Every structure is written in structure tokens, then in C-alpha cells.
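*Asks:* This is input31.txt, which holds compact mmCIF, C-alpha atoms:
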# COMPACT_ATOMS: atom_id res chain seq x y z
CA MET A 1 129.14 79.55 185.27
CA PRO A 2 129.37 75.78 184.61
CA ARG A 3 131.55 73.86 187.02
CA GLY A 4 134.99 72.96 185.73
CA ARG A 5 135.22 75.95 183.34
CA ARG A 6 138.02 78.39 184.03
CA ALA A 7 136.74 81.84 184.98
CA ARG A 8 137.50 84.48 182.35
CA ALA A 9 139.68 87.36 183.50
CA PRO A 10 137.84 90.69 183.81
CA GLU A 11 138.03 93.05 180.86
CA PRO A 12 140.26 96.12 181.20
CA LEU A 13 138.28 99.05 182.58
CA PRO A 14 137.47 102.00 180.34
CA ALA A 15 138.99 105.32 181.33
CA ILE A 16 136.64 107.48 183.42
CA ASP A 17 136.34 111.00 182.07
CA ALA A 18 136.89 113.71 184.70
CA ALA A 19 133.83 115.74 183.69
CA TRP A 20 131.64 112.62 183.74
CA ARG A 21 132.99 111.75 187.21
CA ARG A 22 132.22 115.22 188.59
CA ARG A 23 128.68 115.11 187.24
CA PHE A 24 128.13 111.63 188.67
CA GLN A 25 129.39 112.70 192.09
CA ALA A 26 127.27 115.85 192.14
CA ASP A 27 124.06 114.19 190.95
CA LEU A 28 124.42 111.26 193.35
CA LEU A 29 125.25 113.40 196.39
CA THR A 30 122.44 115.87 195.67
CA TRP A 31 119.95 113.00 195.48
CA PHE A 32 121.30 111.41 198.68
CA ALA A 33 121.02 114.63 200.66
CA ALA A 34 117.33 114.83 199.78
CA ALA A 35 116.29 111.17 199.68
CA LYS A 36 118.40 109.31 202.27
CA ARG A 37 116.56 107.28 204.87
CA ASP A 38 116.71 108.42 208.49
CA LEU A 39 118.59 105.53 210.09
CA PRO A 40 119.93 105.51 213.67
CA TRP A 41 123.54 104.86 212.70
CA ARG A 42 123.46 107.86 210.36
CA ARG A 43 122.93 110.16 213.33
CA SER A 44 126.43 109.53 214.65
CA HIS A 45 130.03 109.67 213.48
CA ASP A 46 131.13 107.34 216.30
CA PRO A 47 133.25 104.68 214.55
CA TYR A 48 132.11 102.00 217.02
CA ARG A 49 128.42 102.58 216.23
CA ILE A 50 129.07 102.68 212.48
CA TRP A 51 131.12 99.48 212.69
CA ILE A 52 128.36 97.63 214.57
CA SER A 53 125.74 98.74 212.04
CA GLU A 54 127.85 97.69 209.05
CA VAL A 55 128.41 94.20 210.43
CA MET A 56 124.72 93.78 211.30
CA LEU A 57 123.62 94.98 207.86
CA GLN A 58 125.55 92.28 206.03
CA GLN A 59 122.88 90.07 204.40
CA THR A 60 120.13 91.49 206.65
CA ARG A 61 117.40 94.01 205.80
CA VAL A 62 117.64 97.47 207.32
CA GLU A 63 114.20 97.18 208.96
CA ALA A 64 115.23 93.98 210.73
CA VAL A 65 118.54 95.42 211.93
CA ILE A 66 117.27 98.55 213.70
CA PRO A 67 115.90 96.88 216.88
CA TYR A 68 118.98 94.64 217.13
CA TYR A 69 121.24 97.67 216.74
CA GLU A 70 119.46 99.60 219.47
CA ARG A 71 119.45 96.66 221.90
CA TRP A 72 123.12 95.96 221.20
CA LEU A 73 124.17 99.52 221.99
CA ALA A 74 122.13 99.48 225.18
CA ALA A 75 124.02 96.35 226.28
CA PHE A 76 127.46 97.17 224.81
CA PRO A 77 127.75 100.94 224.26
CA ASP A 78 131.45 100.84 223.35
CA ALA A 79 134.32 98.51 222.52
CA ALA A 80 135.44 98.33 226.15
CA SER A 81 132.07 96.98 227.37
CA LEU A 82 131.89 94.51 224.48
CA ALA A 83 135.42 93.28 225.14
CA VAL A 84 134.66 92.20 228.72
CA ALA A 85 131.12 90.85 228.19
CA PRO A 86 130.46 87.10 228.65
CA GLU A 87 130.36 85.38 225.26
CA GLN A 88 126.91 83.96 226.01
CA ALA A 89 125.59 87.51 226.53
CA VAL A 90 127.08 88.55 223.19
CA LEU A 91 125.49 85.59 221.39
CA LYS A 92 122.15 86.26 223.10
CA ALA A 93 122.22 89.90 221.89
CA TRP A 94 122.92 88.63 218.36
CA GLU A 95 120.26 85.89 218.53
CA GLY A 96 118.20 85.85 215.33
CA LEU A 97 120.66 87.70 213.07
CA GLY A 98 122.41 84.53 211.91
CA TYR A 99 126.08 84.10 211.00
CA TYR A 100 127.04 83.93 214.67
CA SER A 101 130.75 83.97 213.87
CA ARG A 102 130.22 87.68 213.19
CA ALA A 103 129.20 88.26 216.81
CA ARG A 104 132.24 86.39 218.08
CA ASN A 105 134.47 88.34 215.68
CA LEU A 106 132.97 91.60 216.94
CA GLN A 107 134.06 90.69 220.44
CA ARG A 108 137.50 89.52 219.31
CA ALA A 109 137.99 92.77 217.40
CA ALA A 110 136.80 94.82 220.40
CA ARG A 111 139.39 93.12 222.60
CA GLU A 112 142.07 93.91 220.03
CA MET A 113 140.94 97.55 219.90
CA VAL A 114 141.17 97.80 223.68
CA ALA A 115 144.59 96.13 223.77
CA GLN A 116 146.16 98.01 220.85
CA TYR A 117 144.15 101.13 219.96
CA GLY A 118 142.81 102.53 223.22
CA GLY A 119 139.37 101.04 222.67
CA THR A 120 138.85 102.90 219.37
CA PHE A 121 138.38 101.62 215.83
CA PRO A 122 141.79 102.36 214.21
CA ASP A 123 142.03 105.21 211.70
CA ASP A 124 144.27 103.25 209.34
CA PRO A 125 143.12 101.10 206.38
CA VAL A 126 145.60 98.28 206.95
CA ALA A 127 145.09 98.07 210.72
CA ALA A 128 141.31 98.28 210.36
CA ALA A 129 141.11 95.58 207.68
CA ASP A 130 143.27 93.27 209.82
CA LEU A 131 140.80 93.29 212.72
CA PRO A 132 138.93 89.98 213.14
CA GLY A 133 135.93 89.85 210.81
CA VAL A 134 136.46 93.31 209.32
CA GLY A 135 138.02 93.12 205.85
CA SER A 136 138.19 95.76 203.13
CA TYR A 137 134.48 96.59 202.83
CA THR A 138 133.78 97.20 206.52
CA ALA A 139 137.09 99.03 206.96
CA GLY A 140 136.27 101.29 204.02
CA ALA A 141 132.78 102.02 205.30
CA VAL A 142 133.91 102.93 208.83
CA LEU A 143 136.95 104.93 207.77
CA SER A 144 135.05 106.93 205.16
CA ILE A 145 131.96 107.65 207.28
CA ALA A 146 133.57 108.13 210.70
CA TYR A 147 136.97 109.57 209.73
CA GLY A 148 136.38 111.09 206.28
CA ARG A 149 139.01 108.87 204.66
CA PRO A 150 138.57 108.41 200.86
CA GLN A 151 138.36 104.62 201.10
CA PRO A 152 135.99 102.58 198.90
CA ALA A 153 133.25 100.46 200.50
CA VAL A 154 132.05 97.95 197.92
CA ASP A 155 129.23 95.68 199.08
CA GLY A 156 126.70 93.76 197.00
CA ASN A 157 124.61 96.85 196.35
CA VAL A 158 127.63 98.81 195.13
CA LEU A 159 128.82 95.94 192.93
CA ARG A 160 125.43 95.98 191.20
CA VAL A 161 125.39 99.76 190.76
CA LEU A 162 128.89 99.88 189.29
CA ALA A 163 128.32 96.93 186.97
CA ARG A 164 125.26 98.64 185.49
CA LEU A 165 126.72 102.12 185.50
CA LEU A 166 129.73 101.10 183.36
CA CYS A 167 128.10 98.06 181.70
CA LEU A 168 130.70 95.68 183.18
CA GLU A 169 130.05 92.07 182.11
CA ALA A 170 132.52 90.10 184.24
CA ASP A 171 131.18 87.77 186.95
CA ILE A 172 131.00 89.74 190.21
CA MET A 173 131.47 86.52 192.20
CA GLN A 174 135.10 86.37 191.05
CA PRO A 175 137.53 87.90 193.58
CA ALA A 176 139.47 89.60 190.78
CA VAL A 177 136.30 91.28 189.54
CA ARG A 178 135.45 92.51 193.03
CA LYS A 179 138.93 94.01 193.24
CA GLN A 180 138.28 95.68 189.89
CA HIS A 181 135.07 97.21 191.21
CA GLU A 182 136.96 98.49 194.25
CA ALA A 183 139.39 100.18 191.86
CA VAL A 184 136.44 101.80 190.05
CA ALA A 185 134.95 103.03 193.33
CA THR A 186 138.34 104.44 194.34
CA GLN A 187 138.42 106.50 191.12
CA LEU A 188 134.89 107.78 191.70
CA ILE A 189 135.01 108.66 195.40
CA PRO A 190 135.35 112.40 196.10
CA ALA A 191 137.92 113.51 198.66
CA ALA A 192 135.51 116.08 200.08
CA ALA A 193 132.63 113.77 201.03
CA PRO A 194 133.75 110.12 200.97
CA GLY A 195 131.37 108.93 203.68
CA ASP A 196 128.28 110.44 202.10
CA PHE A 197 129.37 109.18 198.68
CA ASN A 198 129.80 105.58 199.87
CA GLN A 199 126.47 105.69 201.68
CA ALA A 200 124.82 107.18 198.59
CA LEU A 201 126.06 104.32 196.40
CA MET A 202 124.74 101.79 198.93
CA GLU A 203 121.44 103.65 199.23
CA LEU A 204 121.03 103.74 195.46
CA GLY A 205 121.54 99.99 195.23
CA ALA A 206 119.24 99.29 198.16
CA THR A 207 116.33 101.48 197.07
CA LEU A 208 116.41 102.09 193.30
CA CYS A 209 119.07 100.03 191.52
CA VAL A 210 117.62 96.82 192.97
CA PRO A 211 118.34 93.32 191.63
CA ARG A 212 115.03 92.87 189.80
CA ASN A 213 113.05 95.59 188.05
CA PRO A 214 115.38 98.50 188.81
CA ARG A 215 113.57 101.82 189.17
CA CYS A 216 115.52 103.62 186.47
CA GLU A 217 112.84 106.29 186.06
CA ALA A 218 113.63 107.56 189.58
CA CYS A 219 117.42 107.13 189.44
CA PRO A 220 119.41 110.36 189.80
CA VAL A 221 122.20 109.07 187.53
CA ALA A 222 120.11 107.23 184.94
CA GLY A 223 121.40 109.54 182.22
CA LEU A 224 124.96 108.38 182.94
CA CYS A 225 124.17 104.65 183.11
CA GLN A 226 125.62 102.67 180.21
CA ALA A 227 123.54 99.57 180.93
CA ARG A 228 120.32 101.58 180.75
CA ALA A 229 121.44 103.24 177.52
CA ALA A 230 121.99 99.77 176.06
CA GLY A 231 118.76 98.38 177.52
CA ARG A 232 120.71 95.83 179.56
CA GLN A 233 120.03 96.93 183.13
CA GLY A 234 117.98 93.76 183.69
CA GLU A 235 120.88 91.52 182.58
CA LEU A 236 123.56 92.98 184.81
CA PRO A 237 125.43 92.26 186.94
CA VAL A 238 126.62 88.84 185.82
CA ARG A 239 126.61 86.57 188.83
CA SER A 240 127.49 82.88 188.75
CA ARG A 241 125.00 80.62 190.45
CA ALA A 242 125.99 79.41 193.91
CA ARG A 243 126.26 75.69 194.50
CA GLU A 244 123.04 74.14 195.76
CA PRO A 245 123.11 73.47 199.53
CA ARG A 246 123.40 69.88 200.66
CA THR A 247 120.19 68.51 202.21
CA VAL A 248 120.38 66.71 205.56
CA ASN A 249 117.55 64.98 207.44
CA LEU A 250 117.82 66.18 211.03
CA VAL A 251 116.04 64.69 214.03
CA ALA A 252 115.47 66.80 217.14
CA ALA A 253 114.55 65.41 220.55
CA VAL A 254 112.85 67.61 223.16
CA ALA A 255 113.21 65.58 226.37
CA HIS A 256 111.48 66.62 229.60
CA ASP A 257 111.92 65.41 233.17
CA PRO A 258 109.12 64.69 235.69
CA ALA A 259 109.16 68.33 236.83
CA GLY A 260 108.49 69.56 233.28
CA ARG A 261 111.96 70.93 232.67
CA VAL A 262 113.46 70.35 229.22
CA LEU A 263 116.94 69.25 228.25
CA ILE A 264 119.12 71.66 226.26
CA ALA A 265 122.74 71.32 225.20
CA ARG A 266 125.39 73.73 223.99
CA ARG A 267 126.91 73.17 220.57
CA PRO A 268 130.71 72.75 220.26
CA PRO A 269 132.88 75.89 220.49
CA THR A 270 133.81 75.69 216.81
CA GLY A 271 131.90 74.92 213.64
CA LEU A 272 128.31 75.59 212.60
CA LEU A 273 126.33 77.62 215.21
CA ALA A 274 129.26 77.31 217.60
CA GLY A 275 128.51 77.95 221.27
CA LEU A 276 124.74 78.28 220.85
CA TRP A 277 122.21 76.22 222.77
CA GLU A 278 119.77 73.76 221.23
CA PHE A 279 117.36 70.97 221.87
CA PRO A 280 119.50 67.93 221.03
CA CYS A 281 119.70 67.42 217.27
CA GLY A 282 121.49 64.98 215.04
CA GLU A 283 121.58 63.66 211.52
CA LEU A 284 119.23 60.77 210.82
CA GLY A 285 121.03 57.53 210.03
CA ALA A 286 120.66 55.80 206.69
CA GLY A 287 117.44 53.74 206.72
CA GLU A 288 116.67 54.86 210.28
CA GLY A 289 113.14 55.72 211.36
CA TRP A 290 112.51 59.16 212.77
CA GLU A 291 111.38 58.08 216.23
CA ALA A 292 114.22 55.57 216.43
CA GLY A 293 116.62 58.37 215.57
CA ALA A 294 115.30 60.52 218.42
CA ARG A 295 115.71 57.69 220.93
CA ARG A 296 119.20 56.87 219.64
CA LEU A 297 120.27 60.50 219.84
CA LEU A 298 119.29 60.85 223.50
CA GLY A 299 120.79 57.49 224.37
CA GLU A 300 124.15 58.04 222.69
CA ARG A 301 124.70 61.61 223.86
CA PHE A 302 123.10 61.61 227.33
CA GLY A 303 122.58 57.97 228.35
CA LEU A 304 118.81 58.51 228.41
CA ILE A 305 116.35 55.71 227.75
CA THR A 306 113.24 57.47 226.46
CA HIS A 307 109.76 57.00 225.07
CA VAL A 308 108.58 59.20 222.22
CA ARG A 309 105.43 60.92 223.45
CA ALA A 310 104.46 62.97 220.41
CA HIS A 311 105.52 64.41 217.13
CA LEU A 312 106.11 68.10 217.89
CA LEU A 313 106.60 69.62 214.44
CA ASP A 314 108.53 69.51 211.18
CA PHE A 315 110.92 72.34 210.41
CA THR A 316 113.28 73.43 207.70
CA HIS A 317 116.25 75.79 207.73
CA THR A 318 118.66 76.70 204.96
CA PHE A 319 122.25 77.83 205.39
CA SER A 320 124.47 78.91 202.51
CA HIS A 321 125.88 75.37 202.15
CA LEU A 322 123.37 73.20 204.01
CA ARG A 323 119.61 72.66 204.19
CA TRP A 324 118.07 71.00 207.20
CA LEU A 325 114.83 69.05 206.87
CA GLY A 326 113.97 68.33 210.46
CA ARG A 327 111.42 66.47 212.51
CA ALA A 328 111.13 67.12 216.24
CA PHE A 329 109.66 64.82 218.89
CA LEU A 330 108.62 65.32 222.48
CA CYS A 331 110.36 62.59 224.50
CA GLN A 332 109.95 61.33 228.07
CA PRO A 333 112.62 59.43 229.99
CA ALA A 334 111.61 55.87 230.81
CA PRO A 335 110.83 55.07 234.47
CA GLY A 336 114.06 54.60 236.38
CA SER A 337 116.16 56.20 233.66
CA ARG A 338 119.04 58.20 235.14
CA LEU A 339 118.86 61.84 234.09
CA PRO A 340 122.12 63.54 233.08
CA PRO A 341 123.01 66.21 235.66
CA ASP A 342 123.46 69.88 234.86
CA ALA A 343 127.02 70.34 233.68
CA ASP A 344 129.08 72.48 231.35
CA GLY A 345 127.09 72.38 228.14
CA VAL A 346 124.04 70.51 229.51
CA ARG A 347 121.06 72.06 231.30
CA TRP A 348 117.57 71.12 232.49
CA VAL A 349 115.55 74.33 232.27
CA THR A 350 111.98 75.57 232.62
CA ALA A 351 110.11 77.15 229.71
CA GLU A 352 110.70 80.58 231.24
CA GLU A 353 114.44 79.97 231.62
CA LEU A 354 114.81 79.20 227.91
CA ASP A 355 114.83 82.95 227.27
CA ASP A 356 118.13 83.23 229.14
CA TYR A 357 120.01 81.12 226.58
CA PRO A 358 121.05 82.05 223.01
CA PHE A 359 119.39 79.76 220.46
CA ALA A 360 119.93 79.73 216.71
CA THR A 361 117.13 80.86 214.43
CA ALA A 362 116.86 77.26 213.23
CA GLN A 363 115.56 76.32 216.70
CA ARG A 364 113.05 79.15 217.16
CA ALA A 365 110.20 77.08 215.68
CA LEU A 366 110.83 74.38 218.28
CA LEU A 367 110.74 76.95 221.09
CA GLU A 368 107.45 78.35 219.83
CA ALA A 369 105.91 74.92 219.34
CA LEU A 370 106.95 73.84 222.82
CA ARG A 371 105.17 76.87 224.25
CA GLY A 372 102.08 76.16 222.15
CA GLU A 373 102.43 79.43 220.22
CA ALA A 374 102.74 77.93 216.75
CA VAL A 375 103.11 74.54 215.11
CA GLN A 376 104.29 74.51 211.51
CA PRO A 377 102.53 72.18 209.04
CA ARG A 378 104.22 69.00 207.99
CA PHE A 379 106.12 68.70 204.74
CA GLU A 380 106.89 65.52 202.83
CA LEU A 381 110.16 63.87 203.79
Before we go any further, please render this structure as C-alpha cells.
*Replies:*
Amino acid sequence: MPRGRRARAPEPLPAIDAAWRRRFQADLLTWFAAAKRDLPWRRSHDPYRIWISEVMLQQTRVEAVIPYYERWLAAFPDAASLAVAPEQAVLKAWEGLGYYSRARNLQRAAREMVAQYGGTFPDDPVAAADLPGVGSYTAGAVLSIAYGRPQPAVDGNVLRVLARLLCLEADIMQPAVRKQHEAVATQLIPAAAPGDFNQALMELGATLCVPRNPRCEACPVAGLCQARAAGRQGELPVRSRAREPRTVNLVAAVAHDPAGRVLIARRPPTGLLAGLWEFPCGELGAGEGWEAGARRLLGERFGLITHVRAHLLDFTHTFSHLRWLGRAFLCQPAPGSRLPPDADGVRWVTAEELDDYPFATAQRALLEALRGEAVQPRFEL
């Protein structure tokens, strides 16, 4: 949708025929019973385990989530253990999944569960949705799967399925349209099997009703799909284009002391990648050379006078709103330069000790390059 144009209100929904609804429910649930993937969180009705899986699965592939899920439960098997864990241990367990505010919100919510609900995910839609980082989708998923409550759980996969099923043309990025889809899901969900139904909708969107080239020939409800009947399944859903992320040139300085230890620093407690550790990074100044930027960064933040020994690697990382184009250098303090002591948020560590600290995915390439495991090719800056 072009910027500056007012979003059009969603069209009124067509009435859903009762016989059509029963057929849709039956066909979808029959397919799910036979075709569902065997996933670890589907082997339990424990609301804590289902909650953890739902948060991890947001914007992450199932295959990538499984080892994180299993390691997380080994470290924090219930809300009580998560509530009392050190934050750095929580961030380390989440390392690599991105969106680290989700890990912090998990711990905040666990503390609230312990304080108010006996350490259990609350069996109430309003209370559940009010937990830190939960919201309507996650609350609906947990309550329907763990407690059998007929609550909708509308994620991106379900939005796509419903838009095609009923040939809905409104932009699914609009909050009002998402609310409309939740209303549709509420009408469709059966009281007898709400958890299986919600999972079946998600499974359909994840495996068959995919964004590009949907596998309509294998879809159990293809005969009920209005978009397919109209030949428009490839056009829907309508989704406005997200704003392009802002590009920032980022310089990283990997400084080492005479003993071979490297300098790492913890990011501020709020903001992007809050609380994670990193090799010192900073935005390159206007007209500033890369090596000069590395020396300035270490001087301003740590009082280090350094020589740039080598170009370590170039790296890139894209967030939803920001794209880093980075260049990293291996730096050595000048003779007689006073090294900053270990303090809160500053450490000199060996290569082996780096594994004890939670680093953002954006810094993994630097860790690997420092250990000689991989050096990414340069790109043009």
C-alpha cells in the first residue's frame, strides 16, 4: 500500500453456512489426524511446554526450533525454574533464536505466573493475554491446546489460510483485518476439539497452503476454498509491503591483550539486543575511514590506544527495521596502553570462555572468524 494513503476498512464478512462449517471442520480434522507432523510439543498437554513452543515458533522454522526447545526444557523445566534463573542463563539458552525481548518476556511472565497463578499458565483468556509477551495469539494457542478452550489462535499461517478460504481481499497487515480474521476463526472453531482444530489450521498453512505455489492438489479442503475456485490462490492474501530497513555502516573492533584474551562488552539493558554481549561495535562516522572508526571506538568507550593488526571479516545482518553492513578488525593495544579492568559489563576472556556468554546472531560470524573456523567474503561498501 503506498505511503500516505488511508487504509480501506475491511469488507463485511459473508455469513458462514452451518453445513459448510461442519464439512470444513470434519475434513480438516480428519486430514490432521493422519498427516500431522510428530513434534515434541505435541506429545504433551502441559501448558508451560506448549507456551514455550509457541513463543519459539514465532518467525522461526520448526526444524530450527526443536533443539532449542529441548535444551530449554532441560534447563528450565517449569515456570518456577525459569522465574529464578539468572537472566544471562536465559539469554544464553535463547542464543541464536533472535528477538531476545521474547526470552526476557518469558521470564517476566514466568515470575508473574509464580506470584499470581501458582506457577501455572492461567486458564483464562484475559489473564493469559495480559502476561508479558503473550497477547491474543499465544493465549489462544495455549488455552485451546492445553485446556480445551474454544479460543482462536490466528498466526501468519492461519491468516493466509482464512484469506484464501473465504477469498478475503483486505490487507492482513491492518490490525482491523487481523481482528476480522480472529472473528472468522472463532466462528469456525469446534467446541469439541479446539486445540486440534487450531493446530490443523496452522499445519495446513505451514505445509500445504504456503505463501508461494500452494499445494492445492493435496489440500483436504480445496473443494471449499473460494480463492481456488476463482483461480486467485496465488494472489491472496493481500499484504502491504513492509518499509525497507535503514542501512547502517557498523565497525567492530576485536581487541586482544598480551595474554591473548579478547575484550567483550555487554549491551545496555534496554533497546536492540539488550543485555547481550558483543565485541565492541559502533556506527561509522560520516566520512570516517573504517580503521579510524575502530580505533576511535576503542578509545572513546574504553580509553584504549590501539593499532589495527588485520581486517578480520565483513559481515551483514538484517533486522526488521535495520540492516547492518559491518567490517571487523583485529586490534592490539599500543605499548603502555592501560587496559580497562574487568567490571560490570566489560570482560577480558579467552576463546574458550566466549561460550559462557550470550551473543547475538549478528556476532556469530565474528566468533567463528576469530577461531579460524570461517571467514566470510568481502562485499562492496
*Asks:* In Å, rounded to a single decimal, give me how far CA of Ala115 (chain A) is from CA of Ala83 (chain A).
*Replies:*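 Spanning CA of Ala83 (chain A) to CA of Ala115 (chain A) is a straight-line distance of 9.7 Å.
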*Asks:* Any idea what's packed within 10 Å of Leu284 (chain A), counting only C-alpha atoms, ignoring anything in its chain fewer than 6 positions away? Could you give it as a ChimeraX atom specification?
*Replies:* /A:248-252,290-294,296-297,326-327
*Asks:* Near region 205-219 of chain A, within 10 Å and counting only C-alpha atoms, which residues show up once chain neighbours fewer than 2 positions away are dropped, as a PyMOL selection string?
*Replies:* chain A and resi 27-28+31+36-37+61-62+155-162+164-165+199-203+221-223+225+228+233-237
*Asks:* May I have the residues within 10 Å of region 333-339 of chain A as number ranges by chain, using all atoms listed in the file and disregarding those fewer than 2 positions away in the same chain?
*Replies:* A: 255-258, 263, 295, 298, 302-309, 331, 341-342, 348
*Asks:* In terms of the shortest atom-to-atom distance over only C-alpha atoms, which of A:Tyr48, A:Ser101, A:Val65, A:Met173 is closest to Leu82 (chain A)?
*Replies:*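 The answer is A:Tyr48, which sits nearest to Leu82 (chain A).
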*Asks:* Quote the spacing between CA of Trp41 (chain A) and CA of Trp72 (chain A) in Å to one decimal place.
*Replies:*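 CA of Trp41 (chain A) sits 12.3 Å away from CA of Trp72 (chain A).
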*Asks:* What is the CA of Arg239 (chain A) to CA of Ile172 (chain A) distance in Å?
*Replies:*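 Interatomic distance here is 5.6 Å.
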*Asks:* Anything within 6 Å of (127.7, 86.4, 220.3): list those residues as a list in words, counting all atoms listed in the file and sticking to the file's coordinates.
*Replies:*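 Nearby residues: Glu87, Val90, Leu91, Trp94, Ala103 and Arg104 of chain A.
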*Asks:* Quick one: of A:Glu352, A:Glu300, A:Asp38, A:Glu244, who's nearest to Thr318 (chain A), counting all atoms listed in the file?
*Replies:* A:Glu244
*Asks:* Restricting the calculation to only C-alpha atoms, which member of A:Thr247, A:Gln116, A:Gln180, A:Thr361 is positioned closest to Leu273 (chain A)?
*Replies:* A:Thr361
*Asks:* Can you tell me which residues surround Trp277 (chain A) at a distance of at most 8 Å, considering all atoms listed in the file, apart from same-chain residues fewer than 5 positions away, and format the answer as a list in words?
*Replies:*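 Those residues are Ile264, Ala265, Arg266, Arg267, Tyr357, Pro358, Phe359 and Ala360 of chain A.
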*Asks:* For a quick check of understanding, using only C-alpha atoms, which of A:Val134, A:Leu166, A:Leu29, A:Ala79 has the smallest distance to Gly195 (chain A)?
*Replies:*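 Result for the nearest residue to Gly195 (chain A): A:Leu29.
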*Asks:* Neighbouring residues of region 128-131 of chain A were defined as those with any atom within 9 Å, considering only C-alpha atoms; residues of the same chain fewer than 2 positions away were excluded. Please report them as a PyMOL selection string.
*Replies:* chain A and resi 105+108-110+112-113+121-126+133-140+142-143
*Asks:* Measuring between all atoms listed in the file, which one of A:Val349, A:Leu224, A:Cys281, A:Ile52 shows the shortest distance to Tyr69 (chain A)?
*Replies:*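 Checking each of A:Val349, A:Leu224, A:Cys281, A:Ile52 against Tyr69 (chain A), counting all atoms listed in the file, the winner is A:Ile52.
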*Asks:* Around the point (128.5, 83.9, 190.1) (coordinates from the file), which residues reach within 10 Å if we count all atoms listed in the file? Answer as a list of chain:residue names.
*Replies:*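 Using all atoms listed in the file, the matching residues come out as A:Met1, A:Pro2, A:Ala7, A:Ala170, A:Asp171, A:Ile172, A:Met173, A:Gln174, A:Pro237, A:Val238, A:Arg239, A:Ser240, A:Arg241, A:Ala242, A:Arg243.
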*Asks:* Would you please work out which residue, of A:Leu313, A:Leu366, A:Ile145, A:Leu322, is nearest to Ala192 (chain A) when using all atoms listed in the file?
*Replies:*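 The answer is A:Ile145, which sits nearest to Ala192 (chain A).
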